[in-house]
$ cat data12.cif   # mmCIF, C-alpha atoms, pLDDT in the B column; chains and numbers go by the auth columns
data_query
loop_
_atom_site.group_PDB
_atom_site.id
_atom_site.type_symbol
_atom_site.label_atom_id
_atom_site.label_comp_id
_atom_site.label_asym_id
_atom_site.label_seq_id
_atom_site.Cartn_x
_atom_site.Cartn_y
_atom_site.Cartn_z
_atom_site.B_iso_or_equiv
_atom_site.auth_seq_id
_atom_site.auth_asym_id
ATOM 1 C CA MET A 1 81.063 92.098 81.431 97.00 1 A
ATOM 2 C CA GLU A 2 82.672 89.753 83.939 98.00 2 A
ATOM 3 C CA ILE A 3 85.702 90.820 85.974 98.00 3 A
ATOM 4 C CA SER A 4 87.609 88.139 87.889 98.00 4 A
ATOM 5 C CA PHE A 5 89.999 89.259 90.609 98.00 5 A
ATOM 6 C CA ARG A 6 92.279 86.308 91.480 98.00 6 A
ATOM 7 C CA LYS A 7 94.039 86.452 94.855 98.00 7 A
ATOM 8 C CA LEU A 8 97.692 85.473 94.537 98.00 8 A
ATOM 9 C CA PRO A 9 100.429 84.857 97.126 97.00 9 A
ATOM 10 C CA ASP A 10 102.482 87.724 98.569 97.00 10 A
ATOM 11 C CA ASN A 11 99.615 90.268 98.576 97.00 11 A
ATOM 12 C CA GLN A 12 99.274 90.159 94.783 98.00 12 A
ATOM 13 C CA HIS A 13 96.302 89.760 92.464 98.00 13 A
ATOM 14 C CA GLU A 14 95.572 89.443 88.767 98.00 14 A
ATOM 15 C CA ILE A 15 92.486 90.386 86.774 98.00 15 A
ATOM 16 C CA LEU A 16 90.695 88.703 83.868 98.00 16 A
ATOM 17 C CA VAL A 17 87.997 90.636 81.963 97.00 17 A
ATOM 18 C CA ARG A 18 85.559 88.753 79.704 97.00 18 A
ATOM 19 C CA ASP A 19 82.396 89.462 77.745 96.00 19 A
ATOM 20 C CA ARG A 20 83.174 93.075 76.884 94.00 20 A
ATOM 21 C CA ARG A 21 83.264 94.939 73.590 90.00 21 A
ATOM 22 C CA GLY A 22 86.633 93.896 72.231 86.00 22 A
ATOM 23 C CA PRO A 23 88.894 91.000 73.120 89.00 23 A
ATOM 24 C CA ASP A 24 89.147 89.497 76.581 94.00 24 A
ATOM 25 C CA VAL A 25 91.978 91.127 78.519 94.00 25 A
ATOM 26 C CA ARG A 26 94.015 90.381 81.599 96.00 26 A
ATOM 27 C CA LEU A 27 96.123 92.351 84.022 96.00 27 A
ATOM 28 C CA PRO A 28 99.096 90.261 85.171 97.00 28 A
ATOM 29 C CA ALA A 29 100.091 90.061 88.834 97.00 29 A
ATOM 30 C CA GLN A 30 99.936 93.408 90.637 96.00 30 A
ATOM 31 C CA PRO A 31 100.342 94.453 94.285 97.00 31 A
ATOM 32 C CA THR A 32 96.967 94.373 96.022 97.00 32 A
ATOM 33 C CA GLY A 33 97.523 97.208 98.450 90.00 33 A
ATOM 34 C CA PRO A 34 96.500 97.550 102.072 93.00 34 A
ATOM 35 C CA THR A 35 92.859 96.458 101.752 94.00 35 A
ATOM 36 C CA MET A 36 91.827 95.276 98.287 98.00 36 A
ATOM 37 C CA PRO A 37 92.795 95.745 94.627 98.00 37 A
ATOM 38 C CA HIS A 38 92.484 99.354 93.455 96.00 38 A
ATOM 39 C CA ASP A 39 90.471 98.204 90.437 97.00 39 A
ATOM 40 C CA LEU A 40 88.004 96.475 92.781 98.00 40 A
ATOM 41 C CA VAL A 41 87.613 99.818 94.567 98.00 41 A
ATOM 42 C CA HIS A 42 86.777 101.308 91.156 97.00 42 A
ATOM 43 C CA ALA A 43 84.205 98.601 90.466 98.00 43 A
ATOM 44 C CA ALA A 44 82.452 99.104 93.809 98.00 44 A
ATOM 45 C CA VAL A 45 82.366 102.913 93.693 98.00 45 A
ATOM 46 C CA GLU A 46 81.630 103.335 89.980 97.00 46 A
ATOM 47 C CA GLN A 47 78.820 100.786 90.033 98.00 47 A
ATOM 48 C CA THR A 48 77.300 102.303 93.176 98.00 48 A
ATOM 49 C CA LEU A 49 77.349 105.784 91.655 97.00 49 A
ATOM 50 C CA GLY A 50 76.161 104.588 88.233 97.00 50 A
ATOM 51 C CA LEU A 51 79.324 105.882 86.532 95.00 51 A
ATOM 52 C CA THR A 52 79.153 104.211 83.129 93.00 52 A
ATOM 53 C CA ASP A 53 81.995 106.258 81.641 90.00 53 A
ATOM 54 C CA GLY A 54 84.586 105.646 84.367 92.00 54 A
ATOM 55 C CA PHE A 55 87.392 103.103 84.333 92.00 55 A
ATOM 56 C CA TRP A 56 85.241 99.952 84.155 95.00 56 A
ATOM 57 C CA GLY A 57 82.584 101.483 81.913 94.00 57 A
ATOM 58 C CA THR A 58 85.180 102.360 79.299 91.00 58 A
ATOM 59 C CA VAL A 59 86.808 98.929 79.630 92.00 59 A
ATOM 60 C CA ALA A 60 83.362 97.427 78.920 94.00 60 A
ATOM 61 C CA GLN A 61 83.168 99.660 75.830 89.00 61 A
ATOM 62 C CA GLY A 62 86.511 98.343 74.546 87.00 62 A
ATOM 63 C CA ALA A 63 89.163 100.574 76.104 86.00 63 A
ATOM 64 C CA THR A 64 92.304 99.078 77.557 82.00 64 A
ATOM 65 C CA PHE A 65 94.627 100.713 80.034 82.00 65 A
ATOM 66 C CA GLN A 66 98.332 100.395 80.669 80.00 66 A
ATOM 67 C CA GLY A 67 99.322 96.949 81.877 86.00 67 A
ATOM 68 C CA PHE A 68 96.322 95.118 80.423 88.00 68 A
ATOM 69 C CA GLU A 69 97.039 92.639 77.667 89.00 69 A
ATOM 70 C CA ASN A 70 94.896 90.572 75.327 90.00 70 A
ATOM 71 C CA VAL A 71 94.217 87.041 76.590 93.00 71 A
ATOM 72 C CA VAL A 72 94.648 85.776 73.027 89.00 72 A
ATOM 73 C CA PRO A 73 97.557 87.603 71.411 81.00 73 A
ATOM 74 C CA GLY A 74 96.490 89.572 68.368 71.00 74 A
ATOM 75 C CA ARG A 75 97.109 92.792 66.612 62.00 75 A
ATOM 76 C CA HIS A 76 96.747 96.070 68.455 56.00 76 A
ATOM 77 C CA ARG A 77 93.181 97.390 68.398 57.00 77 A
ATOM 78 C CA ARG A 78 92.971 101.146 67.991 53.00 78 A
ATOM 79 C CA SER A 79 89.244 101.215 68.817 52.00 79 A
ATOM 80 C CA GLY A 80 90.110 101.160 72.534 58.00 80 A
ATOM 81 C CA LEU A 81 92.047 104.401 72.083 56.00 81 A
ATOM 82 C CA LYS A 82 89.021 105.998 70.429 57.00 82 A
ATOM 83 C CA VAL A 83 86.910 105.193 73.479 59.00 83 A
ATOM 84 C CA LEU A 84 89.469 106.849 75.749 61.00 84 A
ATOM 85 C CA ARG A 85 89.671 109.949 73.558 63.00 85 A
ATOM 86 C CA ARG A 86 85.887 110.371 73.663 66.00 86 A
ATOM 87 C CA LYS A 87 85.493 109.590 77.373 65.00 87 A
ATOM 88 C CA GLY A 88 88.720 111.011 78.828 68.00 88 A
ATOM 89 C CA GLU A 89 87.143 113.778 80.924 82.00 89 A
ATOM 90 C CA LYS A 90 84.531 111.429 82.370 84.00 90 A
ATOM 91 C CA VAL A 91 87.179 108.816 83.151 83.00 91 A
ATOM 92 C CA MET A 92 89.149 111.441 85.077 86.00 92 A
ATOM 93 C CA ALA A 93 86.032 112.630 86.928 90.00 93 A
ATOM 94 C CA ALA A 94 85.326 109.019 87.940 92.00 94 A
ATOM 95 C CA GLU A 95 88.944 108.624 89.077 90.00 95 A
ATOM 96 C CA MET A 96 88.555 111.661 91.335 92.00 96 A
ATOM 97 C CA ALA A 97 85.274 110.353 92.800 95.00 97 A
ATOM 98 C CA VAL A 98 86.743 106.885 93.423 96.00 98 A
ATOM 99 C CA ASN A 99 89.893 108.246 95.021 93.00 99 A
ATOM 100 C CA TRP A 100 87.897 110.603 97.264 94.00 100 A
ATOM 101 C CA ALA A 101 85.539 107.843 98.381 97.00 101 A
ATOM 102 C CA TYR A 102 88.486 105.541 99.089 96.00 102 A
ATOM 103 C CA ARG A 103 90.338 108.223 101.094 94.00 103 A
ATOM 104 C CA VAL A 104 87.277 108.789 103.267 96.00 104 A
ATOM 105 C CA TRP A 105 86.719 105.042 103.679 97.00 105 A
ATOM 106 C CA ARG A 106 90.368 104.520 104.743 96.00 106 A
ATOM 107 C CA GLY A 107 90.230 107.467 107.125 94.00 107 A
ATOM 108 C CA LEU A 108 92.892 109.398 105.219 91.00 108 A
ATOM 109 C CA PRO A 109 92.937 113.217 105.245 88.00 109 A
ATOM 110 C CA THR A 110 90.455 114.952 102.948 87.00 110 A
ATOM 111 C CA ASP A 111 91.235 118.521 103.875 85.00 111 A
ATOM 112 C CA GLY A 112 94.297 120.671 103.699 76.00 112 A
ATOM 113 C CA ARG A 113 96.595 121.753 100.941 72.00 113 A
ATOM 114 C CA GLY A 114 96.050 120.090 97.587 68.00 114 A
ATOM 115 C CA THR A 115 92.877 118.171 98.394 72.00 115 A
ATOM 116 C CA GLY A 116 90.252 120.545 97.008 79.00 116 A
ATOM 117 C CA ARG A 117 86.589 120.076 97.667 85.00 117 A
ATOM 118 C CA SER A 118 84.775 116.767 97.604 90.00 118 A
ATOM 119 C CA PRO A 119 83.517 115.655 94.191 91.00 119 A
ATOM 120 C CA LEU A 120 80.778 113.694 95.994 94.00 120 A
ATOM 121 C CA GLU A 121 77.626 114.788 97.780 95.00 121 A
ATOM 122 C CA ALA A 122 77.138 113.466 101.311 95.00 122 A
ATOM 123 C CA ALA A 123 74.486 110.922 100.254 97.00 123 A
ATOM 124 C CA ASP A 124 76.697 109.541 97.471 97.00 124 A
ATOM 125 C CA LEU A 125 79.640 109.380 99.833 96.00 125 A
ATOM 126 C CA ALA A 126 77.572 107.382 102.342 97.00 126 A
ATOM 127 C CA ARG A 127 76.529 104.915 99.612 98.00 127 A
ATOM 128 C CA THR A 128 80.124 104.457 98.464 98.00 128 A
ATOM 129 C CA GLN A 129 81.272 103.757 102.018 98.00 129 A
ATOM 130 C CA ALA A 130 78.765 100.915 102.320 98.00 130 A
ATOM 131 C CA ALA A 131 79.806 99.588 98.900 98.00 131 A
ATOM 132 C CA LEU A 132 83.483 99.632 99.887 98.00 132 A
ATOM 133 C CA ASP A 133 82.693 97.823 103.150 98.00 133 A
ATOM 134 C CA ALA A 134 80.902 95.114 101.156 98.00 134 A
ATOM 135 C CA ALA A 135 83.680 94.835 98.540 98.00 135 A
ATOM 136 C CA ALA A 136 86.356 94.593 101.236 98.00 136 A
ATOM 137 C CA ALA A 137 84.418 91.856 103.015 98.00 137 A
ATOM 138 C CA ARG A 138 84.015 89.936 99.755 98.00 138 A
ATOM 139 C CA TRP A 139 87.742 90.265 99.011 98.00 139 A
ATOM 140 C CA ALA A 140 88.731 89.199 102.528 98.00 140 A
ATOM 141 C CA ALA A 141 86.627 86.043 102.114 98.00 141 A
ATOM 142 C CA VAL A 142 88.507 84.973 98.954 98.00 142 A
ATOM 143 C CA ALA A 143 91.067 82.252 99.573 98.00 143 A
ATOM 144 C CA GLU A 144 94.491 82.506 97.959 98.00 144 A
ATOM 145 C CA GLY A 145 94.242 81.146 94.409 98.00 145 A
ATOM 146 C CA ASP A 146 90.499 81.757 94.203 98.00 146 A
ATOM 147 C CA CYS A 147 88.623 84.542 92.450 98.00 147 A
ATOM 148 C CA LEU A 148 86.128 87.219 93.312 98.00 148 A
ATOM 149 C CA THR A 149 83.854 87.609 90.274 98.00 149 A
ATOM 150 C CA TRP A 150 82.263 90.991 89.642 98.00 150 A
ATOM 151 C CA ARG A 151 79.468 91.463 87.097 97.00 151 A
ATOM 152 C CA TRP A 152 79.467 94.842 85.371 95.00 152 A
#
$ encode --input "data12.cif" --output "structure tokens"
Amino acid sequence: MEISFRKLPDNQHEILVRDRRGPDVRLPAQPTGPTMPHDLVHAAVEQTLGLTDGFWGTVAQGATFQGFENVVPGRHRRSGLKVLRRKGEKVMAAEMAVNWAYRVWRGLPTDGRGTGRSPLEAADLARTQAALDAAAARWAAVAEGDCLTWRW
């Protein structure tokens, strides 16, 4: 699967996803956030940890999430919902791992009320930090209007 993150003006980005099970999809303009697109964070962390049933793994298998739309308009495909029903717990576990890794990478609090214990071992956390450094550097190097292409 190929994921293209296009950098837009005003700290926005859009995403195009091709060569997946199911139709090509796009995510229209979204706020990028303080460092890089949240879905790029997912790509870096999930790929580093080998999480094939996280956000991007299920997109590759045909799932679509809120906000994504078919590149070529067509009828609604229910098969994407089936993927999410089967993989829901693993998608949520991946979300927790990605969010934890990102919090550590940004230097945000990871202890105190409501944070729980880390879903990542120290070695995995170290690998994700390096992956996020690399993804952030790649994103920073993208000129406005250009794309960062990620192979899944």
$ closest_residue --input "data12.cif" --among "A:Ala137, A:Val25, A:Ala131, A:Val17" --to "Gly74 in chain A" --atoms "all atoms listed in the file"
A:Val25
$ closest_residue --input "data12.cif" --among "A:Ala63, A:Ala123, A:Glu14, A:Val91" --to "Met36 in chain A" --atoms "only C-alpha atoms"
A:Glu14
$ atom_distance --input "data12.cif" --atom1 "CA of Ile15 in chain A" --atom2 "CA of Leu27 in chain A"
5.0 Å
$ atom_distance --input "data12.cif" --atom1 "CA of Glu2 in chain A" --atom2 "CA of His42 in chain A"
14.2 Å
$ resolve_selection --input "data12.cif" --expression "the PyMOL selection byres ((chain A and resi 13) around 6)" --output "ChimeraX atom specification"
/A:6-8,12,14,29-30,32
$ closest_residue --input "data12.cif" --among "A:Pro109, A:Gly116, A:Gly57, A:Pro31" --to "Met96 in chain A" --atoms "only C-alpha atoms"
A:Gly116
$ closest_residue --input "data12.cif" --among "A:Trp150, A:Phe5, A:Trp100, A:Phe55" --to "Ala122 in chain A" --atoms "all atoms listed in the file"
A:Trp100
$ atom_distance --input "data12.cif" --atom1 "CA of Pro37 in chain A" --atom2 "CA of Ala135 in chain A"
10.0 Å
$ closest_residue --input "data12.cif" --among "A:Ala43, A:Val72, A:Asp124, A:Arg21" --to "Thr149 in chain A" --atoms "all atoms listed in the file"
A:Ala43
$ closest_residue --input "data12.cif" --among "A:Gln61, A:Asn99, A:Thr35, A:Thr48" --to "Asp19 in chain A" --atoms "only C-alpha atoms"
A:Gln61
$ decode --input "data12.cif" --residues "range 42-56 of chain A" --atoms "all heavy atoms" --output "compact mmCIF listing (two decimals), in the first residue's frame"
# COMPACT_ATOMS: atom_id res chain seq x y z
N HIS A 42 1.17 7.27 13.33
CA HIS A 42 0.70 5.87 13.31
C HIS A 42 1.55 5.02 12.37
O HIS A 42 1.94 3.91 12.73
CB HIS A 42 -0.76 5.80 12.87
CG HIS A 42 -1.72 5.84 13.99
ND1 HIS A 42 -2.12 4.72 14.68
CD2 HIS A 42 -2.36 6.88 14.57
CE1 HIS A 42 -2.97 5.07 15.63
NE2 HIS A 42 -3.13 6.39 15.58
N ALA A 43 1.83 5.53 11.19
CA ALA A 43 2.61 4.75 10.22
C ALA A 43 3.99 4.43 10.78
O ALA A 43 4.45 3.28 10.70
CB ALA A 43 2.73 5.52 8.90
N ALA A 44 4.65 5.42 11.34
CA ALA A 44 6.01 5.21 11.87
C ALA A 44 6.02 4.22 13.03
O ALA A 44 6.83 3.28 13.05
CB ALA A 44 6.60 6.55 12.32
N VAL A 45 5.12 4.39 13.99
CA VAL A 45 5.12 3.53 15.18
C VAL A 45 4.62 2.13 14.83
O VAL A 45 5.25 1.13 15.22
CB VAL A 45 4.28 4.16 16.31
CG1 VAL A 45 4.12 3.19 17.48
CG2 VAL A 45 4.93 5.47 16.78
N GLU A 46 3.51 2.03 14.12
CA GLU A 46 2.96 0.71 13.80
C GLU A 46 3.93 -0.11 12.95
O GLU A 46 4.11 -1.30 13.20
CB GLU A 46 1.61 0.85 13.09
CG GLU A 46 0.52 1.36 14.00
CD GLU A 46 -0.81 1.55 13.31
OE1 GLU A 46 -1.00 1.02 12.18
OE2 GLU A 46 -1.68 2.21 13.88
N GLN A 47 4.56 0.52 11.98
CA GLN A 47 5.51 -0.22 11.14
C GLN A 47 6.72 -0.65 11.96
O GLN A 47 7.19 -1.78 11.84
CB GLN A 47 5.92 0.63 9.94
CG GLN A 47 6.54 -0.20 8.82
CD GLN A 47 6.56 0.60 7.53
OE1 GLN A 47 7.13 1.68 7.50
NE2 GLN A 47 5.95 0.06 6.50
N THR A 48 7.21 0.21 12.80
CA THR A 48 8.38 -0.12 13.64
C THR A 48 8.08 -1.29 14.57
O THR A 48 8.93 -2.16 14.77
CB THR A 48 8.80 1.12 14.47
OG1 THR A 48 9.19 2.14 13.55
CG2 THR A 48 9.94 0.80 15.41
N LEU A 49 6.88 -1.31 15.12
CA LEU A 49 6.50 -2.38 16.05
C LEU A 49 5.93 -3.61 15.36
O LEU A 49 5.62 -4.60 16.02
CB LEU A 49 5.48 -1.85 17.07
CG LEU A 49 5.98 -0.74 18.00
CD1 LEU A 49 4.84 -0.25 18.88
CD2 LEU A 49 7.16 -1.21 18.83
N GLY A 50 5.78 -3.55 14.04
CA GLY A 50 5.22 -4.69 13.30
C GLY A 50 3.75 -4.92 13.59
O GLY A 50 3.27 -6.05 13.55
N LEU A 51 3.01 -3.83 13.87
CA LEU A 51 1.58 -3.94 14.18
C LEU A 51 0.78 -3.98 12.88
O LEU A 51 0.49 -2.95 12.29
CB LEU A 51 1.14 -2.77 15.05
CG LEU A 51 1.85 -2.61 16.39
CD1 LEU A 51 1.36 -1.36 17.12
CD2 LEU A 51 1.66 -3.85 17.24
N THR A 52 0.44 -5.17 12.44
CA THR A 52 -0.27 -5.33 11.17
C THR A 52 -1.78 -5.20 11.31
O THR A 52 -2.48 -5.16 10.30
CB THR A 52 0.06 -6.69 10.53
OG1 THR A 52 -0.32 -7.72 11.45
CG2 THR A 52 1.55 -6.79 10.21
N ASP A 53 -2.28 -5.13 12.54
CA ASP A 53 -3.71 -4.99 12.76
C ASP A 53 -4.07 -3.66 13.42
O ASP A 53 -5.12 -3.52 14.04
CB ASP A 53 -4.25 -6.15 13.62
CG ASP A 53 -4.21 -7.48 12.87
OD1 ASP A 53 -4.32 -7.46 11.64
OD2 ASP A 53 -4.04 -8.51 13.53
N GLY A 54 -3.19 -2.68 13.30
CA GLY A 54 -3.47 -1.34 13.81
C GLY A 54 -4.21 -0.53 12.76
O GLY A 54 -4.81 -1.07 11.83
N PHE A 55 -4.14 0.77 12.89
CA PHE A 55 -4.84 1.67 11.97
C PHE A 55 -4.47 1.39 10.52
O PHE A 55 -5.34 1.09 9.70
CB PHE A 55 -4.53 3.13 12.35
CG PHE A 55 -5.12 4.14 11.41
CD1 PHE A 55 -6.45 4.46 11.50
CD2 PHE A 55 -4.33 4.76 10.46
CE1 PHE A 55 -7.02 5.39 10.63
CE2 PHE A 55 -4.88 5.69 9.59
CZ PHE A 55 -6.22 6.01 9.67
N TRP A 56 -3.17 1.48 10.18
CA TRP A 56 -2.77 1.33 8.78
C TRP A 56 -2.88 -0.11 8.29
O TRP A 56 -3.20 -0.34 7.13
CB TRP A 56 -1.37 1.89 8.54
CG TRP A 56 -1.40 3.39 8.52
CD1 TRP A 56 -0.81 4.25 9.40
CD2 TRP A 56 -2.09 4.22 7.57
NE1 TRP A 56 -1.10 5.55 9.07
CE2 TRP A 56 -1.88 5.56 7.95
CE3 TRP A 56 -2.88 3.96 6.46
CZ2 TRP A 56 -2.42 6.64 7.24
CZ3 TRP A 56 -3.42 5.04 5.76
CH2 TRP A 56 -3.19 6.35 6.14
